[in-house]
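Just below is one structure, and these are the notes that go with it.
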Amino acid sequence: MKSVFTTLVIILVLTAIALFTVMYGGIFNVAATQNHTKLTHWILSATRESSIEKRAAGIEVPNLDDREMIKNGFRSYREMCAVCHTPPGVKDSPIAQGLNPPPPNLAAEAAELSDAELFWVIKNGIRMTGMPAWGVTHGDAELWDIVAFVKALPDISKEQYQELDRTTEAGHSHAGGSHDMGGHEAGGHDAGGHDTSSREHGHDTGQKVDDHGSESPAATAAEQTDKASDHHDDGHSHGEHTH
């Protein structure tokens, strides 16, 4: 019994020495250009998937087929997500190319993750990746809009996305209060110069969307844009905070 105890103590001491050597000896390469080993990648992936699945359980999912939600989700995706999660038919941005782990293809994620899991990831982010916790600065209503668009994304072609990009007005509203995008550009649009206002599930616009004949949920949603020019001299409804 004594020899077993002694062996365990020796193992613990050696483990502690090895751990401190890795921590303070500079052995582990933290560079983003250094890929994980297959074993490390498997451990991290399994841990992430199990964590998301457990914490997303019980989240109540709203109706995501609402066209207004998909349209608003497109705006937020274009300004907040597209710089990392490359849109259809677009080349990866320098940011996306430099991230490790690489940002996932959202069209593929839409098929693999449930609605609740997508919402949880968007709201809470993922540690040790480039995925931020958008729930810190955005309300649940807008985050569900993004989920609605991501779920429609697999059916959107390069041409349909370009048409949405061309015909959908810039800016996105925020249900969770104001925040400064700091002039950040995503998907070819500058998010630093648009005034937006809080909402529940609506966004007043003064720009009429052209009919492009798309049958995808997101593209069809763009056709439903309401005119607000009769109510606002400048054609847009603006809040008190700027992005």
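Residue numbering restarts at 1 for every chain of the structure tokens, chains are lettered A, B, ... in their displayed order, and ligands are numbered from 1 as they appear.
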Self-check item: Within 10 Å of Gly130 of chain A using only C-alpha atoms, minus same-chain residues under 6 positions, as a ChimeraX atom specification
Solution: /A:84,95-96,99-103
Practice problem: Can you work out which one of A:Ile122, A:Ile17, A:Met23, A:Ile10 has the shortest atom-to-atom distance to Asp145 of chain A, counting only C-alpha atoms? | Solution: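 That would be A:Ile122, the residue with the smallest distance to Asp145 of chain A.
Using only C-alpha atoms for every distance, the candidate list A:Glu159, A:Glu49, A:Glu109, A:Asp66 yields A:Asp66 as the residue closest to Trp144 of chain A.
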Exercise. Check the DSSP output for the backbone and give back, as a ChimeraX atom specification, the residues of segment 6-207 of chain A in strand (DSSP E or B).
Key: /A:185-186,189-190,195-196
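Taking atom CA of Ala31 of chain A and atom CA of Ile126 of chain A as endpoints, the distance between them is 18.5 Å.
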Exercise. Based on DSSP run over this structure's backbone, return all residues of segment 12-207 of chain A in helix (DSSP H, G or I), as a VMD selection string.
Key: chain A and resid 12 to 24 38 to 56 67 to 81 94 to 98 106 to 112 115 to 124 134 to 136 140 to 155 158 to 167
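For the residues A:Gly58, A:Gly73, A:Pro87, A:Pro94, ranking by smallest atom-to-atom distance to Asp140 of chain A using only C-alpha atoms places A:Gly73 first.
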Exercise. Rank A:Phe149, A:Lys91, A:Glu112, A:Gln160 by their smallest atom-to-atom distance to Arg78 of chain A, using only C-alpha atoms, and report the top residue only.
Key: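 That would be A:Phe149, the residue with the smallest distance to Arg78 of chain A.
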Quiz item: Could you name the residues that touch Asn124 of chain A at 9 Å or less, counting only C-alpha atoms, but leaving out those on the same chain fewer than 6 positions away, as a ChimeraX atom specification?
Solution: /A:131-136
Would you save the residues from that selection as a JSON list (two decimals), in the first residue's frame, using N, CA and C atoms?
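selection.json, written as the output of this step:
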```
[["chain", "number", "residue", "atom", "x", "y", "z"],
["A", 131, "MET", "N", -15.16, 33.76, -32.26],
["A", 131, "MET", "CA", -16.61, 33.97, -32.18],
["A", 131, "MET", "C", -16.97, 34.79, -30.95],
["A", 132, "PRO", "N", -17.47, 36.02, -31.15],
["A", 132, "PRO", "CA", -17.83, 36.86, -29.99],
["A", 132, "PRO", "C", -19.20, 36.50, -29.44],
["A", 133, "ALA", "N", -19.48, 36.99, -28.25],
["A", 133, "ALA", "CA", -20.79, 36.81, -27.63],
["A", 133, "ALA", "C", -21.64, 38.02, -27.98],
["A", 134, "TRP", "N", -22.47, 37.88, -29.03],
["A", 134, "TRP", "CA", -23.28, 39.01, -29.47],
["A", 134, "TRP", "C", -24.38, 39.35, -28.48],
["A", 135, "GLY", "N", -24.67, 38.45, -27.56],
["A", 135, "GLY", "CA", -25.69, 38.73, -26.56],
["A", 135, "GLY", "C", -25.30, 39.83, -25.59],
["A", 136, "VAL", "N", -24.02, 40.17, -25.55],
["A", 136, "VAL", "CA", -23.56, 41.25, -24.67],
["A", 136, "VAL", "C", -24.07, 42.59, -25.18]]
```
